[in-house]
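Structure file query_4.txt (compact mmCIF, C-alpha atoms) is printed below.
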# COMPACT_ATOMS: atom_id res chain seq x y z
CA MET A 1 75.73 113.40 -139.58
CA GLN A 2 72.38 113.75 -141.33
CA LYS A 3 73.97 113.01 -144.72
CA SER A 4 75.64 109.87 -143.34
CA VAL A 5 72.32 108.61 -142.10
CA GLN A 6 70.71 109.31 -145.47
CA ARG A 7 73.49 107.39 -147.29
CA LEU A 8 73.10 104.44 -144.90
CA LEU A 9 69.33 104.31 -145.49
CA ALA A 10 69.82 104.42 -149.24
CA LEU A 11 72.34 101.57 -149.07
CA LEU A 12 69.94 99.48 -147.00
CA GLY A 13 67.19 100.12 -149.56
CA VAL A 14 69.39 98.81 -152.38
CA VAL A 15 70.27 95.67 -150.40
CA LEU A 16 66.59 95.03 -149.61
CA ALA A 17 65.61 95.42 -153.26
CA PHE A 18 68.19 92.88 -154.41
CA SER A 19 67.03 90.47 -151.70
CA LEU A 20 63.45 90.68 -152.93
CA ILE A 21 64.50 90.07 -156.54
CA ALA A 22 66.52 87.03 -155.51
CA ALA A 23 63.63 85.61 -153.52
CA SER A 24 61.24 85.95 -156.44
CA CYS A 25 63.58 83.98 -158.70
CA GLY A 26 64.48 81.26 -156.21
CA ASN A 27 62.60 78.07 -155.18
CA ASP A 28 61.94 76.79 -151.62
CA ASP A 29 61.28 73.21 -152.81
CA SER A 30 64.07 70.76 -151.94
CA ASP A 31 63.77 68.87 -155.23
CA GLY A 32 65.38 71.60 -157.32
CA ALA A 33 62.41 72.10 -159.65
CA ALA A 34 63.07 74.11 -162.77
CA PRO A 35 62.03 77.79 -162.76
CA GLU A 36 59.51 77.07 -165.55
CA ALA A 37 57.77 74.46 -163.45
CA THR A 38 57.71 76.81 -160.45
CA GLU A 39 56.20 79.59 -162.50
CA ALA A 40 53.49 77.27 -163.82
CA ALA A 41 52.72 76.06 -160.32
CA THR A 42 52.28 79.57 -158.95
CA GLN A 43 50.03 80.85 -161.71
CA ALA A 44 46.36 81.25 -160.76
CA PRO A 45 44.21 78.44 -162.23
CA GLU A 46 41.82 79.20 -165.05
CA PRO A 47 38.46 80.25 -163.54
CA THR A 48 35.87 77.52 -163.99
CA GLU A 49 32.09 77.85 -163.90
CA ALA A 50 30.72 76.73 -160.51
CA PRO A 51 28.13 73.98 -160.69
CA GLU A 52 24.57 75.21 -160.34
CA ALA A 53 23.45 75.00 -156.71
CA THR A 54 20.59 72.63 -156.10
CA VAL A 55 18.42 72.25 -153.00
CA GLU A 56 16.83 68.88 -152.41
CA LEU A 57 13.67 68.95 -150.34
CA VAL A 58 13.70 65.87 -148.16
CA GLN A 59 10.44 64.70 -146.64
CA ASP A 60 10.96 63.97 -142.95
CA ASP A 61 9.63 60.48 -142.27
CA GLY A 62 10.38 60.37 -138.54
CA THR A 63 7.57 60.41 -135.99
CA LEU A 64 4.74 60.65 -138.52
CA GLN A 65 5.94 57.55 -140.35
CA ASN A 66 6.44 55.69 -137.06
CA VAL A 67 2.90 56.59 -136.00
CA MET A 68 1.45 55.47 -139.32
CA ASP A 69 3.39 52.20 -139.20
CA ARG A 70 2.13 51.57 -135.66
CA GLY A 71 -1.46 52.36 -136.62
CA HIS A 72 -2.32 54.63 -133.71
CA VAL A 73 -1.11 57.71 -131.81
CA LEU A 74 0.45 57.42 -128.35
CA CYS A 75 -0.64 60.44 -126.31
CA GLY A 76 0.76 61.30 -122.90
CA SER A 77 -1.85 62.63 -120.47
CA ARG A 78 -3.24 62.06 -116.99
CA ASP A 79 -6.20 60.35 -115.36
CA ASP A 80 -7.13 62.42 -112.31
CA VAL A 81 -8.59 65.80 -113.36
CA PRO A 82 -12.29 65.85 -114.26
CA GLY A 83 -12.96 68.01 -117.28
CA PHE A 84 -9.38 67.77 -118.55
CA ALA A 85 -8.27 64.14 -118.32
CA LEU A 86 -9.98 61.51 -116.25
CA LEU A 87 -10.26 57.73 -116.25
CA ASN A 88 -13.99 57.34 -115.63
CA GLU A 89 -15.97 54.56 -113.98
CA ASN A 90 -16.15 52.73 -117.31
CA ALA A 91 -12.34 52.66 -117.53
CA GLU A 92 -12.49 55.16 -120.41
CA TYR A 93 -10.46 58.33 -120.70
CA GLU A 94 -12.42 61.54 -121.12
CA GLY A 95 -11.83 65.29 -120.97
CA PHE A 96 -10.65 68.32 -122.88
CA ASP A 97 -7.03 67.15 -123.10
CA ILE A 98 -8.12 63.66 -124.11
CA ASP A 99 -10.19 65.11 -126.94
CA MET A 100 -7.14 67.03 -128.14
CA CYS A 101 -5.33 63.68 -128.32
CA ARG A 102 -8.22 62.27 -130.36
CA VAL A 103 -8.00 65.27 -132.70
CA VAL A 104 -4.50 64.20 -133.76
CA ALA A 105 -5.65 60.62 -134.44
CA ALA A 106 -8.61 61.87 -136.49
CA ALA A 107 -6.31 64.06 -138.58
CA VAL A 108 -3.71 61.36 -139.26
CA PHE A 109 -5.88 58.27 -139.61
CA GLY A 110 -9.39 59.60 -140.16
CA ASP A 111 -10.24 57.74 -136.94
CA ALA A 112 -10.38 59.61 -133.63
CA ASP A 113 -10.26 56.31 -131.75
CA ALA A 114 -6.85 55.38 -133.18
CA VAL A 115 -5.15 56.68 -130.04
CA GLU A 116 -3.74 55.13 -126.88
CA ILE A 117 -3.58 57.28 -123.76
CA VAL A 118 -0.38 56.90 -121.73
CA PRO A 119 -0.86 58.27 -118.19
CA VAL A 120 2.23 59.98 -116.83
CA THR A 121 3.05 61.94 -113.67
CA SER A 122 4.03 65.59 -113.60
CA ALA A 123 7.55 64.76 -112.47
CA GLU A 124 8.15 62.20 -115.24
CA ARG A 125 6.30 63.70 -118.21
CA PHE A 126 9.21 65.40 -120.00
CA THR A 127 11.55 62.45 -119.56
CA ALA A 128 8.85 60.17 -120.92
CA LEU A 129 8.25 62.46 -123.90
CA ALA A 130 11.96 62.75 -124.72
CA SER A 131 12.47 58.97 -124.45
CA GLY A 132 9.70 58.25 -126.94
CA GLN A 133 7.13 56.73 -124.61
CA PHE A 134 4.51 58.74 -126.47
CA ASP A 135 4.30 60.90 -129.61
CA VAL A 136 2.42 63.90 -128.30
CA MET A 137 1.47 65.22 -124.87
CA ASN A 138 -1.78 66.87 -123.81
CA ARG A 139 -1.54 67.11 -120.04
CA ASN A 140 -2.41 70.68 -118.97
CA THR A 141 1.30 71.50 -119.22
CA THR A 142 2.48 75.11 -118.95
CA TRP A 143 4.67 76.58 -121.69
CA THR A 144 7.74 78.22 -120.13
CA ALA A 145 11.10 79.41 -121.45
CA THR A 146 13.05 76.85 -119.42
CA ARG A 147 10.90 73.94 -120.57
CA ASP A 148 11.19 75.11 -124.16
CA GLY A 149 14.95 75.41 -123.83
CA THR A 150 16.06 72.52 -121.63
CA GLU A 151 13.47 69.76 -121.69
CA GLY A 152 13.76 68.70 -125.34
CA ALA A 153 10.15 69.79 -125.74
CA ASN A 154 8.46 71.72 -128.52
CA PHE A 155 5.39 73.64 -127.33
CA LEU A 156 2.75 74.15 -130.00
CA PHE A 157 -0.60 75.96 -130.12
CA THR A 158 -1.94 77.07 -126.74
CA THR A 159 -5.27 75.32 -126.23
CA TYR A 160 -6.18 76.82 -122.86
CA TYR A 161 -5.09 80.12 -121.29
CA ASP A 162 -4.99 79.84 -117.53
CA GLY A 163 -3.43 81.27 -114.38
CA GLN A 164 -2.47 79.84 -110.99
CA GLY A 165 -4.72 80.51 -108.03
CA LEU A 166 -5.44 79.30 -104.51
CA MET A 167 -8.57 77.76 -103.02
CA VAL A 168 -9.65 77.60 -99.38
CA PRO A 169 -12.77 76.42 -97.57
CA ALA A 170 -15.14 79.37 -97.57
CA SER A 171 -15.58 78.97 -93.82
CA THR A 172 -11.99 80.15 -93.22
CA GLY A 173 -12.82 83.64 -94.41
CA PHE A 174 -9.41 83.82 -96.12
CA THR A 175 -9.42 86.15 -99.13
CA THR A 176 -5.80 87.26 -99.65
CA LEU A 177 -2.37 85.65 -99.77
CA ASP A 178 -1.43 87.33 -96.48
CA ASP A 179 -4.19 85.33 -94.81
CA LEU A 180 -2.18 82.19 -95.58
CA ALA A 181 0.86 83.08 -93.47
CA GLU A 182 2.15 79.91 -91.74
CA ALA A 183 -0.53 77.85 -93.52
CA ASN A 184 -0.08 74.36 -94.94
CA ILE A 185 -0.67 74.56 -98.70
CA CYS A 186 -1.26 71.45 -100.82
CA VAL A 187 0.63 71.52 -104.13
CA SER A 188 1.63 69.07 -106.88
CA THR A 189 5.34 68.31 -106.89
CA GLY A 190 7.55 68.65 -109.96
CA THR A 191 5.40 71.42 -111.44
CA THR A 192 5.63 75.12 -112.23
CA THR A 193 2.80 75.42 -109.70
CA GLU A 194 5.18 74.49 -106.89
CA LEU A 195 7.86 76.89 -108.17
CA ASN A 196 5.41 79.77 -108.58
CA LEU A 197 4.02 79.29 -105.09
CA THR A 198 7.48 79.37 -103.53
CA ALA A 199 8.64 82.35 -105.58
CA VAL A 200 5.59 84.56 -104.99
CA PHE A 201 5.33 83.87 -101.27
CA ALA A 202 9.09 84.42 -100.81
CA ALA A 203 8.94 87.70 -102.72
CA ARG A 204 6.17 88.92 -100.37
CA GLY A 205 7.83 87.62 -97.23
CA ILE A 206 4.97 85.23 -96.43
CA LEU A 207 6.08 82.07 -94.64
CA PHE A 208 4.13 78.90 -95.45
CA ASN A 209 4.47 75.12 -95.36
CA PRO A 210 4.27 73.31 -98.70
CA VAL A 211 2.67 69.85 -98.57
CA THR A 212 3.53 68.07 -101.82
CA PHE A 213 1.73 65.32 -103.72
CA GLU A 214 2.38 63.44 -106.96
CA GLY A 215 -1.15 63.92 -108.30
CA PHE A 216 -4.59 65.26 -107.56
CA ASP A 217 -5.90 61.80 -106.71
CA THR A 218 -3.99 62.10 -103.42
CA LEU A 219 -3.81 65.89 -103.10
CA VAL A 220 -7.55 66.62 -103.14
CA PRO A 221 -8.51 64.00 -100.51
CA ALA A 222 -5.76 65.37 -98.25
CA TYR A 223 -7.12 68.89 -98.71
CA GLU A 224 -10.67 67.75 -97.97
CA GLN A 225 -9.46 65.96 -94.83
CA GLY A 226 -7.95 69.20 -93.53
CA GLN A 227 -4.27 68.39 -93.96
CA CYS A 228 -3.90 71.76 -95.71
CA GLU A 229 -5.58 75.11 -95.15
CA ALA A 230 -5.36 75.80 -98.89
CA MET A 231 -4.59 74.12 -102.19
CA THR A 232 -3.02 75.69 -105.25
CA ALA A 233 -3.29 74.80 -108.93
CA ASP A 234 -4.28 76.36 -112.22
CA SER A 235 -7.51 78.27 -111.67
CA SER A 236 -9.31 76.01 -114.14
CA VAL A 237 -8.33 72.96 -112.09
CA LEU A 238 -9.43 74.67 -108.89
CA GLY A 239 -12.76 75.34 -110.55
CA VAL A 240 -13.02 71.65 -111.41
CA PHE A 241 -12.46 70.53 -107.83
CA LYS A 242 -14.68 73.26 -106.38
CA PHE A 243 -17.39 71.89 -108.66
CA GLU A 244 -16.66 68.31 -107.54
CA ILE A 245 -16.39 68.99 -103.80
CA GLU A 246 -19.53 71.08 -103.59
CA GLY A 247 -21.37 68.73 -105.95
CA ASN A 248 -20.69 65.86 -103.52
CA ASN A 249 -22.26 67.84 -100.64
CA GLY A 250 -18.87 69.01 -99.38
CA PRO A 251 -18.29 72.43 -97.78
CA ASP A 252 -18.41 75.58 -99.90
CA GLN A 253 -15.09 76.55 -101.43
CA HIS A 254 -13.61 79.96 -102.17
CA ILE A 255 -11.13 80.58 -105.01
CA MET A 256 -9.13 83.70 -104.26
CA ALA A 257 -9.42 86.45 -106.82
CA GLU A 258 -5.69 86.99 -107.23
CA LEU A 259 -3.82 84.95 -109.86
CA ILE A 260 -0.12 84.51 -109.16
CA SER A 261 1.03 83.46 -112.63
CA LYS A 262 0.25 83.09 -116.32
CA GLU A 263 -0.28 79.49 -117.40
CA PRO A 264 -0.58 78.92 -121.17
CA LEU A 265 -1.44 75.24 -121.59
CA GLY A 266 -1.21 73.30 -124.81
CA THR A 267 0.06 70.47 -126.92
CA VAL A 268 3.72 69.39 -126.70
CA VAL A 269 5.91 67.23 -128.95
CA ARG A 270 9.59 66.35 -128.97
CA ASP A 271 12.15 68.75 -130.36
CA GLY A 272 13.71 67.98 -133.72
CA ASP A 273 10.84 66.73 -135.88
CA THR A 274 9.40 69.64 -137.80
CA GLN A 275 6.99 67.61 -139.88
CA TRP A 276 5.35 65.96 -136.89
CA ALA A 277 5.10 69.30 -135.10
CA GLN A 278 3.31 70.77 -138.12
CA VAL A 279 0.93 67.81 -138.32
CA VAL A 280 -0.04 68.08 -134.64
CA ASN A 281 -0.21 71.87 -134.68
CA TRP A 282 -2.51 72.18 -137.69
CA ALA A 283 -4.71 69.32 -136.52
CA THR A 284 -5.19 71.13 -133.21
CA MET A 285 -5.73 74.54 -134.79
CA ALA A 286 -8.36 73.08 -137.13
CA THR A 287 -10.75 72.96 -134.18
CA VAL A 288 -10.47 76.72 -133.72
CA GLN A 289 -10.57 77.52 -137.43
CA ALA A 290 -13.76 75.49 -137.88
CA TRP A 291 -15.33 77.40 -134.99
CA GLU A 292 -14.40 80.71 -136.60
CA PHE A 293 -15.89 79.57 -139.93
CA GLY A 294 -19.12 78.56 -138.19
CA LEU A 295 -18.49 74.87 -138.91
CA ASP A 296 -19.20 72.18 -136.35
CA SER A 297 -19.66 68.42 -136.20
CA SER A 298 -23.18 68.67 -137.58
CA ASN A 299 -22.53 70.75 -140.70
CA ILE A 300 -18.88 70.57 -141.76
CA GLY A 301 -19.48 67.58 -144.02
CA SER A 302 -22.42 69.19 -145.81
CA TYR A 303 -20.98 72.64 -146.51
CA SER A 304 -22.27 73.84 -149.90
CA GLY A 305 -21.05 77.44 -149.97
CA THR A 306 -18.47 79.05 -152.21
CA ASP A 307 -16.11 80.75 -149.72
CA PRO A 308 -12.66 79.87 -151.14
CA ASN A 309 -11.05 79.91 -147.68
CA ILE A 310 -13.54 77.38 -146.37
CA LEU A 311 -13.18 75.25 -149.48
CA ASN A 312 -9.42 75.18 -148.93
CA PHE A 313 -9.97 74.23 -145.29
CA LEU A 314 -12.20 71.34 -146.32
CA GLY A 315 -9.66 70.08 -148.87
CA ARG A 316 -11.97 70.72 -151.81
CA ASP A 317 -10.83 71.31 -155.42
CA GLY A 318 -7.54 69.51 -154.82
CA PHE A 319 -6.14 72.00 -152.30
CA ASP A 320 -3.25 70.49 -150.31
CA PRO A 321 -0.91 72.69 -148.19
CA GLY A 322 1.70 69.93 -148.01
CA LEU A 323 1.45 69.25 -144.28
CA GLY A 324 1.67 65.48 -144.64
CA LEU A 325 -2.03 65.08 -143.81
CA PRO A 326 -4.99 63.99 -145.93
CA SER A 327 -6.47 67.01 -147.70
CA ASP A 328 -9.77 66.57 -145.82
CA PHE A 329 -8.21 66.06 -142.39
CA ALA A 330 -10.15 69.00 -140.91
CA VAL A 331 -13.45 67.38 -141.85
CA ASN A 332 -12.47 64.20 -140.00
CA VAL A 333 -11.32 66.17 -136.96
CA VAL A 334 -14.47 68.24 -136.58
CA GLU A 335 -16.98 65.54 -137.54
CA GLN A 336 -15.51 63.04 -135.10
CA VAL A 337 -14.34 65.25 -132.21
CA GLY A 338 -15.91 68.69 -132.72
CA ASN A 339 -14.78 72.26 -133.11
CA TYR A 340 -13.10 74.06 -130.18
CA GLU A 341 -16.36 75.45 -128.82
CA GLU A 342 -18.02 72.01 -128.88
CA ILE A 343 -15.06 70.39 -127.12
CA PHE A 344 -14.85 73.09 -124.43
CA ASN A 345 -18.57 73.16 -123.67
CA ARG A 346 -18.64 69.36 -123.44
CA TYR A 347 -17.02 69.69 -120.00
CA PRO A 348 -18.86 72.12 -117.67
CA GLN A 349 -16.04 71.83 -115.13
CA LEU A 350 -13.94 74.09 -117.40
CA GLY A 351 -16.17 77.08 -116.76
CA VAL A 352 -17.81 79.54 -119.14
CA LEU A 353 -16.25 80.02 -122.58
CA ASP A 354 -18.19 83.08 -123.77
CA GLY A 355 -16.28 86.28 -123.04
CA SER A 356 -13.31 84.50 -121.49
CA VAL A 357 -9.69 84.66 -122.65
CA ASN A 358 -10.31 81.32 -124.37
CA ASP A 359 -13.02 82.79 -126.59
CA LEU A 360 -12.37 83.61 -130.26
CA TRP A 361 -10.25 86.67 -131.00
CA SER A 362 -13.24 88.21 -132.77
CA ASN A 363 -15.17 87.93 -129.47
CA GLY A 364 -12.39 89.51 -127.40
CA GLY A 365 -10.59 86.28 -126.54
CA LEU A 366 -7.14 84.94 -127.46
CA MET A 367 -8.07 82.09 -129.81
CA TYR A 368 -6.49 83.11 -133.12
CA VAL A 369 -4.94 80.86 -135.75
CA PRO A 370 -2.95 81.57 -138.94
CA PRO A 371 -4.86 81.62 -142.22
CA TYR A 372 -5.46 78.29 -143.93
CA ARG A 373 -4.38 79.02 -147.48
How would this structure read if it were set down as structure tokens?
Amino acid sequence: MQKSVQRLLALLGVVLAFSLIAASCGNDDSDGAAPEATEAATQAPEPTEAPEATVELVQDDGTLQNVMDRGHVLCGSRDDVPGFALLNENAEYEGFDIDMCRVVAAAVFGDADAVEIVPVTSAERFTALASGQFDVMNRNTTWTATRDGTEGANFLFTTYYDGQGLMVPASTGFTTLDDLAEANICVSTGTTTELNLTAVFAARGILFNPVTFEGFDTLVPAYEQGQCEAMTADSSVLGVFKFEIEGNNGPDQHIMAELISKEPLGTVVRDGDTQWAQVVNWATMATVQAWEFGLDSSNIGSYSGTDPNILNFLGRDGFDPGLGLPSDFAVNVVEQVGNYEEIFNRYPQLGVLDGSVNDLWSNGGLMYVPPYR
């Protein structure tokens, strides 16, 4: 039996071998091509030298070129927060965020006044940015993962480190979140502030009643009239309105010690335009770098030292990092708007800079920029 099986396997092997030989000599084409032609067609082609790869650097002429053609920067902001962005009694915009808008204009045009402020609500700001209603946004807007990922927004350098808090009339005696059980709390709608408030109070099992407003121009009067036992916002904004309420002979206010979130605020541009993002980012960071170098609006134009890093920063000796800006853009920014310290201290509503998280890294703060070289 075993020998029969072995013979059968051997016979099958012979048949398979002949089949393979026949297949190698045959041709599947229906036109009956000659074996010589088939052999030539199946031979590997002579290796040829691949063309040398070349990379063409294309200058993006999107937003920057549009801005230059228009002749001024469109900057999305607000008009209702003293110290940050306010339309004053002279119908002029002023504040920390407004100055950061002017910084971009000074860098691009050498003229800090070549900017138009476009006021926009919290609920509409990202739609307005994405649709091109403005080129850059400085509107005390918090950088979050969701906004970075889903809003078509590109968050740049953080210009103000903040955290969300709550403020109550001092007469209430409230000092903790638990004191606000069942309270009406005034909050801006369409903001991370509203989401944070809901999340933190839910996590702690504290029931409350949110009273929502589009902007602080309606929220603060409602709070002062007693429609809410508390109001919530970034602690810097609470400090602004504490300053305003008490300064107008209103009742003393108490800002609770506990912060319920981190709120990094900064400049925002649309996704997808790297060149414009670099222009805005380095223009903004120039205010911090000048501060670190000891340069301000009074002395940056007359610097006579030999520090090569400072000379690069000032655009001396032909140094140009290729950002699409004039080589002396930092001089225009600081001379016309100021360094970061000057801008911050221009608005006492923002609080004390020295020793805060917004101080220079060398002073224990978080203001740190990449080297300019």
Proximity to A:Gln278 - best of A:Val73, A:Ala202, A:Leu325, A:Ile310, only C-alpha atoms: A:Leu325
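Minimum atom-to-atom distances from A:Ala170, A:Val337, A:Ala222, A:Met68 to A:Cys101 were compared using all atoms listed in the file, and the lowest value belongs to A:Val337.
Atom to atom, atom CA of A:Val352 and atom CA of A:Ser236 stand 10.5 Å apart.
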Contacts of A:Asp328 at 6 Å (only C-alpha atoms; same-chain gap of 2+ positions) as a PyMOL selection string: chain A and resi 314-315+326+330-331
Using all atoms listed in the file, what does the table of stretch 213-293 of chain A residues within 9 Å of stretch 78-89 of chain A look like, with each row giving the shortest atom pair and its distance in Å to one decimal, sorted by chain and ascending number, as JSON lines?
{"residue": "A:Gly215", "atom": "CA", "partner": "A:Asp80", "partner_atom": "CA", "distance": 7.4}
{"residue": "A:Phe216", "atom": "CA", "partner": "A:Asp80", "partner_atom": "CA", "distance": 6.1}
{"residue": "A:Asp217", "atom": "CA", "partner": "A:Asp80", "partner_atom": "CA", "distance": 5.8}
{"residue": "A:Val237", "atom": "CA", "partner": "A:Val81", "partner_atom": "CA", "distance": 7.3}
{"residue": "A:Val240", "atom": "CA", "partner": "A:Pro82", "partner_atom": "CA", "distance": 6.5}
{"residue": "A:Phe241", "atom": "CA", "partner": "A:Pro82", "partner_atom": "CA", "distance": 8.0}
{"residue": "A:Glu244", "atom": "CA", "partner": "A:Pro82", "partner_atom": "CA", "distance": 8.4}
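Considering the residues A:Trp291, A:Tyr368, A:Trp276, A:Ser298 and counting all atoms listed in the file, A:Glu341 has its shortest atom-to-atom contact with A:Trp291.
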Separation of atom CA of A:Ala181 from atom CA of A:Pro210, in Å and rounded to one decimal: 11.6 Å
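Our summary of the geometry notes that atom CA of A:Ala106 is positioned 7.2 Å from atom CA of A:Phe329.
For the set A:Gly266, A:Gly190, A:Gly318, A:Pro251, the residue with the smallest atom-to-atom gap to A:Val136 is A:Gly266, counting all atoms listed in the file.
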Given only C-alpha atoms as the counted atoms, nearest of A:Ser77, A:Asn299, A:Thr232, A:Thr146 to A:Val115: A:Ser77
Residue nearest A:Gly239 - candidates A:Asn138, A:Thr192, A:Gln164, A:Ser261, atoms counted: only C-alpha atoms: A:Gln164
Non-local contacts of A:Gly365 (10 Å; all atoms listed in the file; under 2 positions in same chain excluded) as a PyMOL selection string: chain A and resi 161+353-363+367-368
A:Thr287 surroundings by all atoms listed in the file, 10 Å radius, close-in-sequence under 4 positions cut, as a ChimeraX atom specification: /A:100,103,159,282-283,291-292,295-296,330-331,333-334,337-343,369
Quick one: stretch 217-230 of chain A with N, CA and C atoms, as an mmCIF file, in the coordinates of the input?
data_model
loop_
_atom_site.group_PDB
_atom_site.id
_atom_site.type_symbol
_atom_site.label_atom_id
_atom_site.label_comp_id
_atom_site.auth_asym_id
_atom_site.auth_seq_id
_atom_site.Cartn_x
_atom_site.Cartn_y
_atom_site.Cartn_z
ATOM 1 N N ASP A 217 -5.164 62.915 -107.319
ATOM 2 C CA ASP A 217 -5.900 61.800 -106.710
ATOM 3 C C ASP A 217 -5.531 61.640 -105.239
ATOM 4 N N THR A 218 -4.367 62.110 -104.838
ATOM 5 C CA THR A 218 -3.990 62.100 -103.420
ATOM 6 C C THR A 218 -4.059 63.494 -102.799
ATOM 7 N N LEU A 219 -3.812 64.522 -103.616
ATOM 8 C CA LEU A 219 -3.810 65.890 -103.100
ATOM 9 C C LEU A 219 -5.201 66.330 -102.639
ATOM 10 N N VAL A 220 -6.213 66.127 -103.466
ATOM 11 C CA VAL A 220 -7.550 66.620 -103.140
ATOM 12 C C VAL A 220 -8.126 65.947 -101.895
ATOM 13 N N PRO A 221 -8.028 64.614 -101.757
ATOM 14 C CA PRO A 221 -8.510 64.000 -100.510
ATOM 15 C C PRO A 221 -7.802 64.551 -99.272
ATOM 16 N N ALA A 222 -6.500 64.810 -99.388
ATOM 17 C CA ALA A 222 -5.760 65.370 -98.250
ATOM 18 C C ALA A 222 -6.279 66.761 -97.909
ATOM 19 N N TYR A 223 -6.557 67.550 -98.923
ATOM 20 C CA TYR A 223 -7.120 68.890 -98.710
ATOM 21 C C TYR A 223 -8.495 68.799 -98.050
ATOM 22 N N GLU A 224 -9.328 67.902 -98.534
ATOM 23 C CA GLU A 224 -10.670 67.750 -97.970
ATOM 24 C C GLU A 224 -10.624 67.252 -96.527
ATOM 25 N N GLN A 225 -9.595 66.485 -96.190
ATOM 26 C CA GLN A 225 -9.460 65.960 -94.830
ATOM 27 C C GLN A 225 -8.833 66.978 -93.869
ATOM 28 N N GLY A 226 -8.473 68.158 -94.388
ATOM 29 C CA GLY A 226 -7.950 69.200 -93.530
ATOM 30 C C GLY A 226 -6.459 69.184 -93.313
ATOM 31 N N GLN A 227 -5.728 68.400 -94.112
ATOM 32 C CA GLN A 227 -4.270 68.390 -93.960
ATOM 33 C C GLN A 227 -3.641 69.703 -94.413
ATOM 34 N N CYS A 228 -4.385 70.470 -95.214
ATOM 35 C CA CYS A 228 -3.900 71.760 -95.710
ATOM 36 C C CYS A 228 -5.011 72.800 -95.546
ATOM 37 N N GLU A 229 -4.597 74.015 -95.221
ATOM 38 C CA GLU A 229 -5.580 75.110 -95.150
ATOM 39 C C GLU A 229 -5.947 75.627 -96.528
ATOM 40 N N ALA A 230 -5.111 75.318 -97.531
ATOM 41 C CA ALA A 230 -5.360 75.800 -98.890
ATOM 42 C C ALA A 230 -4.759 74.815 -99.878
#
